[in-house]
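Enquirer: Okay, handing you the structure first.
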Amino acid sequence: MSRKQSGCSAVGSAPGLGPGGRPFESGHPDFFYLYTFVPEIILNKIMKKYNFNAGPSKLPKEVMEAVSKACIEFDGCGLSLMEMSHRAKNFQPVLDEAIALFKELLNIPEGYSVLFLGGGASLEFCMIPYNFLENKAAYINTGVWAKKAMAEAKLFGECVEVASSADFNYTYIPKHYTVPADADYFHITTNNTIYGTEIRRDLDSPVPLIADMSSDIFSRPINVSKYAMIYGGAQKNLAMAGVTFIIVKDEALGKVSRAIPTMLDYRTHIKGGSMFNTPPTVPIYCALQTLRWIKKNGGVAEMERRAIEKADLLYGEIDRNKMFRTTVQDTEDRSRMNVCFVMNEGYEDLEAEFMTFATERGMVGIKGHRSVGGFRASLYNAVELEDVQALVACMQEFEAQH
Ligand SMILES: Cc1ncc(COP(=O)(O)O)c(C=O)c1O
């Protein structure tokens, strides 16, 4: 019996379970079928889901297909990417192409290095002061992630909070503040994933500018030359979870007097070409596929056009629909990546009902963060206009029923 024929029994069972409800074991002949073809069936036919997760989040289907294939067999070499050495001669081209595409798509000037490391954006909160903070650093407090970054900086020196939007639960971006001219760097979070606020321009800064772009990288063209460093977790606009991207200006490093542990020193990873230790190979391969997808789809300028189109559609509906309101009033501050909204006055009691209503129509991941409440639809690059149209239709249907 072929694998496909023998696997027919799996289709009628719950995914992950074999006949009789027992889980498949990896040696079972149906295992290959289940994990190769069933995900394809689920992705394509069985469940139409609209994925608005905040991260990890929706990825282009062709990216997931390429990664799935590489996890079965990579590059025709008879091994899975998961079981190969990162020093194998066919992995280096993956890393090289990912770095080259990063530089090309973001128009990164000479003198910057691109790194792919582990540890998440949260490790960068600590590596940044380790590598850059000699006396004093300036931070703008736009929410939880900025606060976490500041908490790490305080372990290394003076941390000046130049402005904060805590007074209105981070629902706006502070505009009027002065960055101390003697700060070693100024840290910003360009997109505040939890609150749906975004700094959509490249700020001028009197001192080296460092930006957490975890949730808006590749959503617009950026002027990299204005930054000493840009970093983020990949699990929103770039890849599956497990890899952190770093764009760092080489000459901004080496200015602190403290000793830096080897693994926490950016120069180690520049020197080692992101291979000082074992890098997260599958997430890097995933990032490469997304970078190819962005290039094929018109680059960051086109990603920005799509982001504007999707965000305008959803904010437009929230503003129009009597049952909802956004939490971010100033249109200039509204994130194109994470759209936060709550039930309008008089309809607060219907929050749970709308959540159930939307879930029944295939909406996934729209529950707002617990510190904001209500709803949050994340519209990262892979989210299609059609997904947003479905959410808008769902909101209109709910309105029509009340
Ligand atoms: C803006 C921002 N910064 C940092 C983080 C933390 O990232 P990680 O989980 O990769 O440490 C997140 C996670 O959602 C985020 O949205």
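Just so we're on the same page: first chain in the structure tokens is A, next is B, and so on; residues restart at 1 for each chain, and ligands are numbered from 1 in the order they show up.
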Do you have, as CSV, the list of residues of segment 71-130 of chain A lying at most 10 Å from segment 184-191 of chain A, each with its nearest atom pair and that distance in Å to one decimal, counting only C-alpha atoms and ordered by chain then number?
Expert:
```
residue,atom,partner,partner_atom,distance
A:Phe125,CA,A:His187,CA,9.9
A:Ile128,CA,A:His187,CA,9.4
A:Pro129,CA,A:Tyr185,CA,9.1
```
Enquirer: Using only C-alpha atoms and all ligand atoms, determine which residues fall within 9 Å of ligand 1, then list them as a compact mmCIF listing (two decimals) with C-alpha atoms, in the first residue's frame.
Expert:
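Saved to part.txt:
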```
# COMPACT_ATOMS: atom_id res chain seq x y z
CA ALA A 54 -0.15 39.35 17.40
CA GLY A 55 2.88 37.08 17.16
CA PRO A 56 3.80 34.45 16.33
CA GLY A 118 18.75 33.59 19.48
CA GLY A 119 17.29 35.00 22.68
CA GLY A 120 14.45 37.12 21.32
CA ALA A 121 14.09 40.89 21.43
CA SER A 122 14.06 40.54 25.23
CA LEU A 123 17.73 39.54 25.29
CA GLU A 124 18.54 42.67 23.28
CA PHE A 125 16.99 44.75 26.09
CA GLY A 143 4.43 50.63 26.99
CA VAL A 144 5.34 47.25 28.39
CA TRP A 145 8.18 46.46 25.99
CA ALA A 146 9.80 49.88 26.41
CA LYS A 148 11.16 46.08 30.06
CA ALA A 149 14.00 47.55 27.99
CA THR A 189 9.93 51.17 20.34
CA THR A 190 8.60 52.02 16.91
CA ASN A 191 5.50 49.83 17.12
CA ASN A 192 3.78 49.13 20.41
CA THR A 193 2.24 45.77 19.71
CA ILE A 194 0.01 45.73 22.80
CA ASP A 212 12.97 47.97 18.71
CA MET A 213 11.16 47.22 15.43
CA SER A 214 9.92 43.78 16.44
CA SER A 215 6.43 44.35 15.13
CA ASP A 216 6.80 46.76 12.21
CA TYR A 231 16.45 44.95 16.26
CA GLY A 232 13.48 42.71 16.92
CA GLY A 233 12.08 39.26 17.36
CA ALA A 234 11.27 37.77 13.96
CA GLN A 235 7.94 36.22 14.90
CA LYS A 236 5.68 38.91 13.41
CA ALA A 241 9.60 32.31 16.42
CA GLY A 242 13.18 31.54 17.38
CA VAL A 243 15.40 34.11 15.69
CA THR A 244 16.22 37.73 16.47
```
Enquirer: Distance table requested - segment 141-258 of chain A against segment 359-379 of chain A, cut-off 8 Å, only C-alpha atoms: one row per qualifying residue with the closest atom pair and its distance in Å to one decimal, ordered by chain and rising residue number, as a Markdown table.
Expert:
```
| residue | atom | partner | partner_atom | distance |
| --- | --- | --- | --- | --- |
| A:Asn169 | CA | A:Val372 | CA | 7.8 |
| A:Ile194 | CA | A:His369 | CA | 6.0 |
| A:Tyr195 | CA | A:Val372 | CA | 6.8 |
| A:Gly196 | CA | A:Arg376 | CA | 7.9 |
```
Enquirer: Among segment 200-316 of chain A, which ones does DSSP place in alpha helix (DSSP H), written as a ChimeraX atom specification?
Expert: /A:266-271,281-296,299-316
Enquirer: Okay, now the selection with N, CA and C atoms, as a CSV table (one decimal), in the first residue's frame?
Expert:
```csv
chain,number,residue,atom,x,y,z
A,266,TYR,N,28.2,42.1,20.7
A,266,TYR,CA,27.8,42.1,19.3
A,266,TYR,C,29.0,41.8,18.4
A,267,ARG,N,30.2,42.3,18.8
A,267,ARG,CA,31.4,42.1,18.0
A,267,ARG,C,31.7,40.6,17.8
A,268,THR,N,31.3,39.8,18.8
A,268,THR,CA,31.6,38.3,18.7
A,268,THR,C,30.8,37.8,17.5
A,269,HIS,N,29.5,38.3,17.4
A,269,HIS,CA,28.6,37.7,16.4
A,269,HIS,C,28.9,38.3,15.0
A,270,ILE,N,29.4,39.5,15.0
A,270,ILE,CA,29.8,40.1,13.7
A,270,ILE,C,31.0,39.3,13.2
A,271,LYS,N,32.0,39.1,14.0
A,271,LYS,CA,33.2,38.4,13.7
A,271,LYS,C,32.8,36.9,13.2
A,281,THR,N,18.7,27.5,12.8
A,281,THR,CA,18.7,27.3,11.4
A,281,THR,C,17.3,27.3,10.7
A,282,VAL,N,16.4,26.6,11.3
A,282,VAL,CA,15.1,26.6,10.6
A,282,VAL,C,14.4,28.0,10.6
A,283,PRO,N,14.4,28.7,11.8
A,283,PRO,CA,13.8,30.0,11.7
A,283,PRO,C,14.6,30.9,10.7
A,284,ILE,N,15.9,30.8,10.6
A,284,ILE,CA,16.6,31.6,9.6
A,284,ILE,C,16.2,31.2,8.2
A,285,TYR,N,16.0,29.9,7.9
A,285,TYR,CA,15.5,29.5,6.6
A,285,TYR,C,14.1,30.1,6.4
A,286,CYS,N,13.3,30.1,7.4
A,286,CYS,CA,12.0,30.7,7.3
A,286,CYS,C,12.1,32.2,7.0
A,287,ALA,N,13.0,32.9,7.6
A,287,ALA,CA,13.2,34.3,7.4
A,287,ALA,C,13.6,34.5,5.9
A,288,LEU,N,14.5,33.7,5.4
A,288,LEU,CA,14.9,33.8,4.0
A,288,LEU,C,13.7,33.7,3.1
A,289,GLN,N,12.8,32.7,3.3
A,289,GLN,CA,11.6,32.5,2.5
A,289,GLN,C,10.8,33.8,2.5
A,290,THR,N,10.6,34.4,3.7
A,290,THR,CA,9.8,35.6,3.8
A,290,THR,C,10.4,36.7,3.0
A,291,LEU,N,11.7,36.8,3.2
A,291,LEU,CA,12.5,37.9,2.5
A,291,LEU,C,12.3,37.8,1.0
A,292,ARG,N,12.4,36.5,0.5
A,292,ARG,CA,12.2,36.3,-0.9
A,292,ARG,C,10.7,36.7,-1.3
A,293,TRP,N,9.8,36.4,-0.5
A,293,TRP,CA,8.4,36.7,-0.7
A,293,TRP,C,8.2,38.2,-0.8
A,294,ILE,N,8.8,38.9,0.2
A,294,ILE,CA,8.7,40.4,0.2
A,294,ILE,C,9.2,41.0,-1.1
A,295,LYS,N,10.4,40.4,-1.5
A,295,LYS,CA,11.0,40.9,-2.8
A,295,LYS,C,10.1,40.7,-4.0
A,296,LYS,N,9.6,39.4,-4.0
A,296,LYS,CA,8.8,39.0,-5.2
A,296,LYS,C,7.5,39.9,-5.2
A,299,GLY,N,8.7,44.5,-2.6
A,299,GLY,CA,9.6,45.1,-1.6
A,299,GLY,C,8.8,45.9,-0.5
A,300,VAL,N,9.5,46.6,0.3
A,300,VAL,CA,8.9,47.3,1.4
A,300,VAL,C,8.0,48.4,1.0
A,301,ALA,N,8.2,49.0,-0.1
A,301,ALA,CA,7.3,50.1,-0.6
A,301,ALA,C,5.9,49.5,-0.8
A,302,GLU,N,5.8,48.3,-1.4
A,302,GLU,CA,4.6,47.6,-1.7
A,302,GLU,C,4.0,47.1,-0.3
A,303,MET,N,4.8,46.7,0.6
A,303,MET,CA,4.3,46.2,1.9
A,303,MET,C,3.6,47.4,2.6
A,304,GLU,N,4.2,48.6,2.4
A,304,GLU,CA,3.7,49.8,3.0
A,304,GLU,C,2.3,50.1,2.4
A,305,ARG,N,2.3,50.0,1.1
A,305,ARG,CA,1.0,50.3,0.4
A,305,ARG,C,-0.1,49.4,0.9
A,306,ARG,N,0.2,48.1,1.0
A,306,ARG,CA,-0.8,47.1,1.4
A,306,ARG,C,-1.2,47.4,2.9
A,307,ALA,N,-0.2,47.8,3.7
A,307,ALA,CA,-0.4,48.0,5.1
A,307,ALA,C,-1.4,49.2,5.3
A,308,ILE,N,-1.2,50.2,4.5
A,308,ILE,CA,-2.1,51.4,4.5
A,308,ILE,C,-3.5,51.0,4.1
A,309,GLU,N,-3.6,50.2,3.0
A,309,GLU,CA,-4.9,49.8,2.5
A,309,GLU,C,-5.7,49.0,3.6
A,310,LYS,N,-5.0,48.1,4.2
A,310,LYS,CA,-5.6,47.2,5.2
A,310,LYS,C,-6.0,48.0,6.4
A,311,ALA,N,-5.1,48.8,6.9
A,311,ALA,CA,-5.3,49.6,8.2
A,311,ALA,C,-6.5,50.6,7.9
A,312,ASP,N,-6.4,51.3,6.8
A,312,ASP,CA,-7.5,52.2,6.5
A,312,ASP,C,-8.9,51.6,6.5
A,313,LEU,N,-8.9,50.4,5.9
A,313,LEU,CA,-10.2,49.7,5.8
A,313,LEU,C,-10.7,49.4,7.2
A,314,LEU,N,-9.8,48.9,8.1
A,314,LEU,CA,-10.3,48.5,9.4
A,314,LEU,C,-10.6,49.7,10.3
A,315,TYR,N,-9.7,50.6,10.3
A,315,TYR,CA,-10.0,51.8,11.1
A,315,TYR,C,-11.2,52.5,10.6
A,316,GLY,N,-11.4,52.6,9.3
A,316,GLY,CA,-12.6,53.2,8.7
A,316,GLY,C,-13.8,52.6,9.3
```
Enquirer: May I ask which of the residues A:Met355, A:Val392, A:Val248, A:Leu105 is the closest one to Asp319 of chain A, counting only C-alpha atoms?
Expert: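 That would be A:Val392, the residue with the smallest distance to Asp319 of chain A.
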Enquirer: Using only C-alpha atoms, which of the listed residues (A:Val67, A:Glu345, A:Glu332, A:Tyr172) sits closest to Arg201 of chain A?
Expert: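 Between A:Val67, A:Glu345, A:Glu332, A:Tyr172, the residue approaching Arg201 of chain A most closely is A:Glu332.
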Enquirer: Can you pull out the residues contacting segment 81-86 of chain A? Cut-off 10 Å, using only C-alpha atoms, and skip same-chain residues under 3 positions away; I want them as a PyMOL selection string.
Expert: chain A and resi 67-75+77-78+89-92+94-95+275+277-282+285
Enquirer: Where in segment 72-213 of chain A does DSSP assign strand (DSSP E), given as a ChimeraX atom specification?
Expert: /A:112-117,136-141,158-164,186-189,191-192,197-198,209-212
Enquirer: Could you write out that same residue set with C-alpha atoms as a tab-separated table (two decimals), in the first residue's frame?
Expert:
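The result, stored in result_1.tsv:
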```
chain	number	residue	atom	x	y	z
A	112	TYR	CA	26.24	48.06	9.08
A	113	SER	CA	26.13	44.37	10.00
A	114	VAL	CA	23.06	42.16	9.92
A	115	LEU	CA	22.93	39.41	12.55
A	116	PHE	CA	20.56	36.52	13.22
A	117	LEU	CA	20.77	35.44	16.86
A	136	LYS	CA	23.49	57.49	30.67
A	137	ALA	CA	20.82	56.30	28.26
A	138	ALA	CA	17.54	57.92	27.17
A	139	TYR	CA	14.34	55.93	26.66
A	140	ILE	CA	10.84	56.86	25.62
A	141	ASN	CA	8.26	54.90	27.59
A	158	GLU	CA	21.50	56.13	34.48
A	159	CYS	CA	18.32	55.62	32.49
A	160	VAL	CA	16.43	58.81	31.63
A	161	GLU	CA	12.77	58.46	30.72
A	162	VAL	CA	12.46	61.39	28.31
A	163	ALA	CA	8.69	61.00	27.90
A	164	SER	CA	5.92	58.58	28.75
A	186	PHE	CA	18.22	57.07	22.66
A	187	HIS	CA	15.98	53.99	22.61
A	188	ILE	CA	12.52	53.87	21.00
A	189	THR	CA	9.93	51.17	20.34
A	191	ASN	CA	5.50	49.83	17.12
A	192	ASN	CA	3.78	49.13	20.41
A	197	THR	CA	0.53	52.83	18.59
A	198	GLU	CA	3.34	53.38	16.11
A	209	LEU	CA	19.25	56.07	17.92
A	210	ILE	CA	18.34	52.46	18.76
A	211	ALA	CA	14.95	51.06	17.75
A	212	ASP	CA	12.97	47.97	18.71
```
Enquirer: Return the single residue from A:Ala151, A:Leu133, A:Val224, A:Leu238 that is closest to Glu104 of chain A, with distances computed using only C-alpha atoms.
Expert: A:Val224
